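Right, one structure below, let's go through it.
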Amino acid sequence: MVSSKRLYNWYISMVAAMCMVLYGYDASVFNSVQASQNWLDWFNLDSKKDTYLIGLINTAYTIGAIVAGFFFGGPIADFLGRRWGMAIGCFVTIIATFVQTFAPFHQLGAFIAGRVIIGLGQGIALTAGPVYIGEMAPPHIRGYIMAFWQLFYSVGSFLAYWINYACSLNRTKLGEWDWKMVVIFQLMVPALIIILLPFQPESPRWHIQKNNNIDAARAALRRIRDTEQEVEEEILVIREALGYEKEAISSGYRALWIDPSVRKRLFIAMLINVGQQLTGQGSLNSYSTAIYKKVWSDTNTINLINALNATCGILFTLNAVWTADRFGRRWLFLVGAAGMGLCMLCVSVVGLSTPDLPNGGKSQPVGIAIVFLLFFFIFFYKPTWGATTWIWTSEVFSMNVRAQAVGMCSQSQNVANTIFNQFFPTFLNNVGLRCLFFFMAMNVVLFIFVWFFVPETKQIPLEEIDVLFGGANHVDKGAQMLGEAESHAVSGHEAKSQADAIERV
């Protein structure tokens with residue numbers, strides 16, 4: 001039977017995982033509003049002529065997220081705590097939501113500014129969230145819990161696409177509020193997170209790292225661990241690892257480059273995060289509306305397909321819950337890359353080998369086949385490169401660099417998006433579904449990369465994962481240093497006692 005403390009551990013992890021709803025909702029919002037003629041008219045855009053400008057609107061978000069993830073997210077999470085990092089990110093997201101919703105008529109600059117600000121907020125929240133989960137969850141269920149991080153991305157997409165579908169059915173009545181309703185609902189989840197965060201414990205690792213506050217760390221662990229023995233053992237392991245990291249190696253951004261094992265992890269994790277977007281999912285999530293316009297001519301049909309896709313995404317991500325700790329991260333990466341590459345090949349072949357209708361779309365059977373294949377792509381993506389990328393990234397770094405490294409690596413996704421998605425609308429407009437051959441090739445490259453360079457990390461304690469990448473065992477080294485310190489303290493005490501005894505004689 002699952003204990004009440006274990007259930008509470010799941011609950012606080014789910015609150016942190018809700019930060020990913022922000023990311024999923026926002027990416028889906030931009031995709032959704034592209035189908036609204038009211039949005040295009042409000043900002044004086046033409047979906048065919050202004051492809052570069054539409055790409056810039058999407059890129060604006062990623063610029064904000066990159067800046068926050070690389071330079072603000074880690075320091076805030078380390079200085080103020082993981083909870084404050086999530087709360088500040090959510091607050092900034094709420095401010096940005098109002099800026100986007102109430103951008104003046106024909107003032108696209110205001111909307112783009114809102115996109116940059118929302119990127120800043122989410123970059124901060126998405127750095128603190130996975131670090132918090134990784135530090136609060138026990139090793140044997142860490143993979144299960146982190147799988148829900150990606151699940152909540154799908155929940156964000158689910159909310160955005162179904163709200164958009166409902167609004168699209170009432171566009172005549174709503175007018176410009178058909179897209180404003182979709183945007184303003186973005187404040188719902190961050191507001192809920194801000195309300196819930198004060199009532200859950202801070203990371204015990206942060207308490208010890210920041211203030212060496214053993215009592216606060218012990219109090220936090222007592223709320224999420226079943227026995228006093230588990231609490232004391234974890235306190236000891238954290239102290240040993242941090243003791244070695246403070247004495248023998250540096251912390252912060254400098255440590256990312258001077259330790260060869262950390263540098264190796266950083267490069268691998270960055271490539272995995274970049275690869276996540278180059279599988280094709282990054283472009284599909286931002287521009288599936290534009291892609292489906294190559295197949296379907298009816299906007300309501302496209303909105304319904306997007307909503308169903310998001311619904312299936314939730315179900316597909318649940319596969320990571322039972323596979324991540326059973327088969328391992330590496331196995332999921334390999335299966336996902338192979339399956340997604342095959343799906344992209346099939347979509348391209350079907351699209352190019354079938355005739356176009358006079359309206360530029362495809363026949364209904366061909367359209368259904370392409371939609372099925374893209375849904376099958378999501379089936380492979382969600383539990384593998386979707387969920388597992390976050391799991392792997394959050395667990396491979398030692399405490400002294402974890403917040404900075406996770407922030408930088410996760411925002412590598414947005415670096416890839418910034419570079420590629422800026423040009424994808426033009427790419428799609430010029431070559432049509434042939435562009436998906438690029439993603440097929442990238443999945444083949446990712447399969448080869450994982451096979452040769454990515455090690456398995458399942459169920460390895462966070463403080464002992466350094467050995468896997470050729471580094472020192474921070475727990476063993478820290479234990480030796482603590483033992484020596486205690487030995488010196490004892491020796492000093494004995495020497496003082498002997499001196500006092502001699503004086504008395």
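Chains: A, B, ... in order of the structure tokens. Residues: from 1 per chain. Ligands: from 1, in order shown.
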**Study point:** Exercise: region 117-124 of chain A partners within 7 Å, only C-alpha atoms, chain neighbours under 5 positions left out, as a ChimeraX atom specification
**Key:** /A:22-23,61-69,72-73,85-86,89-90,92-93,96
Can I get the selected residues back with all heavy atoms, as a short mmCIF file (atom, residue, chain, number, x, y, z; two decimals), in the first residue's frame?
data_model
loop_
_atom_site.label_atom_id
_atom_site.label_comp_id
_atom_site.auth_asym_id
_atom_site.auth_seq_id
_atom_site.Cartn_x
_atom_site.Cartn_y
_atom_site.Cartn_z
N LEU A 22 2.52 25.70 -18.84
CA LEU A 22 2.78 27.03 -19.41
C LEU A 22 3.40 26.90 -20.80
O LEU A 22 3.02 27.60 -21.74
CB LEU A 22 3.72 27.82 -18.50
CG LEU A 22 3.16 28.52 -17.28
CD1 LEU A 22 2.46 27.57 -16.33
CD2 LEU A 22 4.29 29.25 -16.54
N TYR A 23 4.38 26.01 -20.91
CA TYR A 23 5.11 25.81 -22.16
C TYR A 23 4.19 25.21 -23.23
O TYR A 23 4.12 25.69 -24.36
CB TYR A 23 6.30 24.90 -21.88
CG TYR A 23 7.29 24.75 -23.01
CD1 TYR A 23 7.33 25.63 -24.09
CD2 TYR A 23 8.23 23.72 -22.99
CE1 TYR A 23 8.26 25.49 -25.10
CE2 TYR A 23 9.16 23.55 -24.00
CZ TYR A 23 9.17 24.44 -25.06
OH TYR A 23 10.08 24.29 -26.06
N TYR A 61 9.35 34.54 -28.69
CA TYR A 61 9.19 33.77 -27.45
C TYR A 61 10.48 33.05 -27.10
O TYR A 61 10.94 33.09 -25.95
CB TYR A 61 8.05 32.75 -27.59
CG TYR A 61 8.16 31.64 -26.58
CD1 TYR A 61 7.70 31.81 -25.28
CD2 TYR A 61 8.76 30.41 -26.91
CE1 TYR A 61 7.83 30.81 -24.34
CE2 TYR A 61 8.89 29.41 -25.99
CZ TYR A 61 8.43 29.61 -24.70
OH TYR A 61 8.56 28.61 -23.76
N THR A 62 11.08 32.40 -28.08
CA THR A 62 12.26 31.60 -27.80
C THR A 62 13.45 32.45 -27.38
O THR A 62 14.27 32.01 -26.57
CB THR A 62 12.64 30.72 -29.01
OG1 THR A 62 12.94 31.57 -30.14
CG2 THR A 62 11.51 29.80 -29.40
N ILE A 63 13.54 33.68 -27.90
CA ILE A 63 14.62 34.58 -27.49
C ILE A 63 14.51 34.88 -25.99
O ILE A 63 15.50 34.81 -25.24
CB ILE A 63 14.59 35.87 -28.32
CG1 ILE A 63 15.00 35.58 -29.77
CG2 ILE A 63 15.52 36.93 -27.71
CD1 ILE A 63 14.84 36.75 -30.70
N GLY A 64 13.30 35.21 -25.53
CA GLY A 64 13.10 35.46 -24.11
C GLY A 64 13.41 34.24 -23.27
O GLY A 64 14.05 34.33 -22.21
N ALA A 65 12.97 33.06 -23.73
CA ALA A 65 13.21 31.83 -22.98
C ALA A 65 14.70 31.49 -22.92
O ALA A 65 15.20 31.03 -21.88
CB ALA A 65 12.43 30.68 -23.63
N ILE A 66 15.42 31.72 -24.01
CA ILE A 66 16.86 31.43 -24.04
C ILE A 66 17.60 32.33 -23.05
O ILE A 66 18.44 31.87 -22.27
CB ILE A 66 17.41 31.62 -25.46
CG1 ILE A 66 16.89 30.51 -26.38
CG2 ILE A 66 18.94 31.61 -25.46
CD1 ILE A 66 17.12 30.78 -27.85
N VAL A 67 17.29 33.62 -23.07
CA VAL A 67 17.96 34.56 -22.16
C VAL A 67 17.69 34.18 -20.71
O VAL A 67 18.62 34.13 -19.88
CB VAL A 67 17.48 36.00 -22.44
CG1 VAL A 67 17.99 36.95 -21.36
CG2 VAL A 67 17.95 36.46 -23.81
N ALA A 68 16.43 33.87 -20.39
CA ALA A 68 16.09 33.50 -19.01
C ALA A 68 16.72 32.17 -18.61
O ALA A 68 17.26 32.03 -17.51
CB ALA A 68 14.57 33.41 -18.87
N GLY A 69 16.66 31.18 -19.50
CA GLY A 69 17.18 29.87 -19.18
C GLY A 69 18.69 29.85 -19.01
O GLY A 69 19.23 29.17 -18.13
N PHE A 72 19.24 33.72 -16.16
CA PHE A 72 18.46 34.09 -14.98
C PHE A 72 17.91 32.90 -14.21
O PHE A 72 17.87 32.91 -12.98
CB PHE A 72 17.28 35.00 -15.39
CG PHE A 72 17.71 36.28 -16.04
CD1 PHE A 72 17.02 36.79 -17.15
CD2 PHE A 72 18.79 37.00 -15.56
CE1 PHE A 72 17.41 37.97 -17.75
CE2 PHE A 72 19.18 38.19 -16.16
CZ PHE A 72 18.49 38.68 -17.25
N GLY A 73 17.46 31.88 -14.91
CA GLY A 73 16.77 30.76 -14.26
C GLY A 73 17.61 30.07 -13.20
O GLY A 73 17.16 29.86 -12.07
N GLY A 85 11.79 30.32 -7.77
CA GLY A 85 12.04 30.32 -9.21
C GLY A 85 10.77 30.03 -10.00
O GLY A 85 10.46 30.71 -10.98
N MET A 86 10.01 29.01 -9.55
CA MET A 86 8.76 28.68 -10.23
C MET A 86 7.74 29.81 -10.08
O MET A 86 7.05 30.17 -11.04
CB MET A 86 8.20 27.38 -9.66
CG MET A 86 9.00 26.14 -10.03
SD MET A 86 8.26 24.60 -9.43
CE MET A 86 8.79 24.60 -7.71
N GLY A 89 8.64 32.90 -12.28
CA GLY A 89 8.36 32.58 -13.68
C GLY A 89 6.88 32.64 -14.00
O GLY A 89 6.46 33.16 -15.04
N CYS A 90 6.05 32.12 -13.08
CA CYS A 90 4.60 32.13 -13.29
C CYS A 90 4.05 33.56 -13.25
O CYS A 90 3.17 33.91 -14.04
CB CYS A 90 3.91 31.28 -12.22
SG CYS A 90 4.16 29.50 -12.42
N VAL A 92 5.64 36.39 -14.04
CA VAL A 92 6.01 37.07 -15.28
C VAL A 92 5.13 36.59 -16.43
O VAL A 92 4.74 37.39 -17.30
CB VAL A 92 7.51 36.83 -15.59
CG1 VAL A 92 7.88 37.38 -16.96
CG2 VAL A 92 8.38 37.47 -14.51
N THR A 93 4.80 35.31 -16.45
CA THR A 93 3.92 34.76 -17.49
C THR A 93 2.54 35.41 -17.45
O THR A 93 1.95 35.72 -18.50
CB THR A 93 3.79 33.24 -17.32
OG1 THR A 93 5.07 32.63 -17.48
CG2 THR A 93 2.83 32.65 -18.35
N ALA A 96 2.78 38.87 -18.96
CA ALA A 96 2.92 38.79 -20.41
C ALA A 96 1.60 38.41 -21.09
O ALA A 96 1.32 38.85 -22.21
CB ALA A 96 3.99 37.76 -20.77
#
Practice item. From region 328-460 of chain A, collect each residue whose DSSP state is helix (DSSP H, G or I) and return the set as a PyMOL selection string. Key: chain A and resi 329-353+364-395+402-421+424-453
**Study point:** Residue neighbourhood Gln107 (chain A), 9 Å, only C-alpha atoms, exclusion window fewer than 6 positions, as JSON, numbers by chain
**Key:** {"A": [42, 43, 44]}
**Study point:** Selection: 12 Å around Gln404 (chain A), only C-alpha atoms, excl. self and same-chain fewer than 5 positions, as number ranges by chain
**Key:** A: 68-79, 123-124, 126-128, 130-131, 251-257, 262, 266, 393-394, 397-399, 409-411
Suppose we keep C-alpha atoms; can you now write the selection as a PDB file, in the first residue's frame?
ATOM      1  CA  ALA A  68      16.091  33.496 -19.013  1.00  0.00           C
ATOM      2  CA  GLY A  69      17.184  29.866 -19.183  1.00  0.00           C
ATOM      3  CA  PHE A  70      20.857  30.630 -19.766  1.00  0.00           C
ATOM      4  CA  PHE A  71      21.334  33.630 -17.476  1.00  0.00           C
ATOM      5  CA  PHE A  72      18.460  34.093 -14.984  1.00  0.00           C
ATOM      6  CA  GLY A  73      16.772  30.764 -14.258  1.00  0.00           C
ATOM      7  CA  GLY A  74      19.734  29.028 -12.603  1.00  0.00           C
ATOM      8  CA  PRO A  75      20.896  31.941 -10.400  1.00  0.00           C
ATOM      9  CA  ILE A  76      17.320  32.654  -9.236  1.00  0.00           C
ATOM     10  CA  ALA A  77      16.689  28.988  -8.369  1.00  0.00           C
ATOM     11  CA  ASP A  78      20.015  28.785  -6.523  1.00  0.00           C
ATOM     12  CA  PHE A  79      19.761  32.119  -4.676  1.00  0.00           C
ATOM     13  CA  GLY A 123      12.496  30.162 -19.058  1.00  0.00           C
ATOM     14  CA  ILE A 124      12.742  30.873 -15.319  1.00  0.00           C
ATOM     15  CA  LEU A 126      11.107  25.669 -16.584  1.00  0.00           C
ATOM     16  CA  THR A 127      14.567  25.794 -15.007  1.00  0.00           C
ATOM     17  CA  ALA A 128      13.365  25.541 -11.402  1.00  0.00           C
ATOM     18  CA  PRO A 130      12.517  19.900 -13.118  1.00  0.00           C
ATOM     19  CA  VAL A 131      15.306  20.617 -10.619  1.00  0.00           C
ATOM     20  CA  SER A 251      30.026  25.772  -8.393  1.00  0.00           C
ATOM     21  CA  GLY A 252      27.966  27.825 -10.827  1.00  0.00           C
ATOM     22  CA  TYR A 253      28.714  28.477 -14.480  1.00  0.00           C
ATOM     23  CA  ARG A 254      32.517  28.133 -14.102  1.00  0.00           C
ATOM     24  CA  ALA A 255      32.189  24.517 -12.947  1.00  0.00           C
ATOM     25  CA  LEU A 256      30.357  23.628 -16.143  1.00  0.00           C
ATOM     26  CA  TRP A 257      33.574  24.044 -18.103  1.00  0.00           C
ATOM     27  CA  VAL A 262      30.454  17.840 -16.297  1.00  0.00           C
ATOM     28  CA  LEU A 266      26.594  19.322 -20.722  1.00  0.00           C
ATOM     29  CA  THR A 393      18.522  16.175 -18.407  1.00  0.00           C
ATOM     30  CA  SER A 394      17.240  16.674 -14.859  1.00  0.00           C
ATOM     31  CA  PHE A 397      24.131  16.870 -13.193  1.00  0.00           C
ATOM     32  CA  SER A 398      25.623  17.163  -9.713  1.00  0.00           C
ATOM     33  CA  MET A 399      24.189  19.576  -7.164  1.00  0.00           C
ATOM     34  CA  CYS A 409      20.241  22.523 -21.661  1.00  0.00           C
ATOM     35  CA  SER A 410      16.462  22.878 -21.618  1.00  0.00           C
ATOM     36  CA  GLN A 411      16.726  26.223 -23.387  1.00  0.00           C
TER      37      GLN A 411
END
Dump as a Markdown table the rows for residues of region 180-270 of chain A within 12 Å of region 146-170 of chain A: closest atom pair and distance in Å with one decimal, only C-alpha atoms counted, ordered by chain and rising residue number.
| residue | atom | partner | partner_atom | distance |
| --- | --- | --- | --- | --- |
| A:Lys180 | CA | A:Cys167 | CA | 9.6 |
| A:Met181 | CA | A:Cys167 | CA | 7.6 |
| A:Val182 | CA | A:Asn164 | CA | 5.7 |
| A:Val183 | CA | A:Ala160 | CA | 8.4 |
| A:Ile184 | CA | A:Ala160 | CA | 10.4 |
| A:Phe185 | CA | A:Ala160 | CA | 8.2 |
| A:Gln186 | CA | A:Ala160 | CA | 8.1 |
| A:Leu187 | CA | A:Gly156 | CA | 11.6 |
| A:Met188 | CA | A:Leu159 | CA | 10.5 |
| A:Val189 | CA | A:Gly156 | CA | 8.9 |
| A:Pro190 | CA | A:Gly156 | CA | 11.3 |
Give me a file of those residues, with N, CA and C atoms, as a CSV table (one decimal), in the first residue's frame.
chain,number,residue,atom,x,y,z
A,180,LYS,N,-8.4,36.3,-28.5
A,180,LYS,CA,-8.1,36.8,-27.2
A,180,LYS,C,-8.5,35.9,-26.1
A,181,MET,N,-9.6,35.2,-26.3
A,181,MET,CA,-10.0,34.2,-25.3
A,181,MET,C,-9.0,33.1,-25.1
A,182,VAL,N,-8.5,32.7,-26.2
A,182,VAL,CA,-7.5,31.6,-26.2
A,182,VAL,C,-6.2,32.1,-25.4
A,183,VAL,N,-5.8,33.3,-25.7
A,183,VAL,CA,-4.6,33.9,-25.1
A,183,VAL,C,-4.8,34.1,-23.6
A,184,ILE,N,-5.9,34.7,-23.2
A,184,ILE,CA,-6.0,35.1,-21.8
A,184,ILE,C,-6.2,34.0,-20.9
A,185,PHE,N,-6.7,32.8,-21.3
A,185,PHE,CA,-6.8,31.7,-20.5
A,185,PHE,C,-5.4,31.1,-20.1
A,186,GLN,N,-4.4,31.7,-20.7
A,186,GLN,CA,-3.0,31.2,-20.3
A,186,GLN,C,-2.7,31.6,-18.9
A,187,LEU,N,-3.3,32.5,-18.3
A,187,LEU,CA,-3.0,32.9,-16.9
A,187,LEU,C,-3.6,32.0,-15.9
A,188,MET,N,-4.5,31.1,-16.3
A,188,MET,CA,-5.2,30.2,-15.3
A,188,MET,C,-4.2,29.3,-14.5
A,189,VAL,N,-3.4,28.6,-15.2
A,189,VAL,CA,-2.5,27.6,-14.5
A,189,VAL,C,-1.4,28.3,-13.7
A,190,PRO,N,-0.7,29.3,-14.3
A,190,PRO,CA,0.3,30.0,-13.4
A,190,PRO,C,-0.2,30.6,-12.2
Check your understanding: If you count only C-alpha atoms, which residues fall within 10 Å of region 6-14 of chain A, apart from same-chain ones fewer than 3 positions away, as a PyMOL selection string?
Key -> chain A and resi 2-3+17-19+129-130+132-138+141-142+144-146+148-149+152+196-197+199-201+221+223-226
**Study point:** Residue nearest Ala369 (chain A) - candidates A:Ser348, A:Ser286, A:Asn414, A:Thr227, atoms counted: only C-alpha atoms
**Key:**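 Looking only at the distances to Ala369 (chain A), the closest residue turns out to be A:Ser348.
For the set A:Phe376, A:Val33, A:Ala403, A:Ser363, the residue with the smallest atom-to-atom gap to Gln209 (chain A) is A:Ala403, counting only C-alpha atoms.
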Practice item. Extract, using only C-alpha atoms, all DNA, RNA and protein residues at most 8 Å from Leu334 (chain A), discarding same-chain residues fewer than 6 positions from it, and format them as JSON, numbers by chain. Key: {"A": [447, 450, 451]}
Exercise for review: Excluding Phe420 (chain A) and residues on its chain fewer than 5 positions from it, collect all residues at most 9 Å away from it, counting only C-alpha atoms, and give them as a list in words.
Suggested key: Leu278, Ser283 and Val415 of chain A
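Across the structure, CA of Gly341 (chain A) and CA of Met440 (chain A) are spaced 4.3 Å apart.
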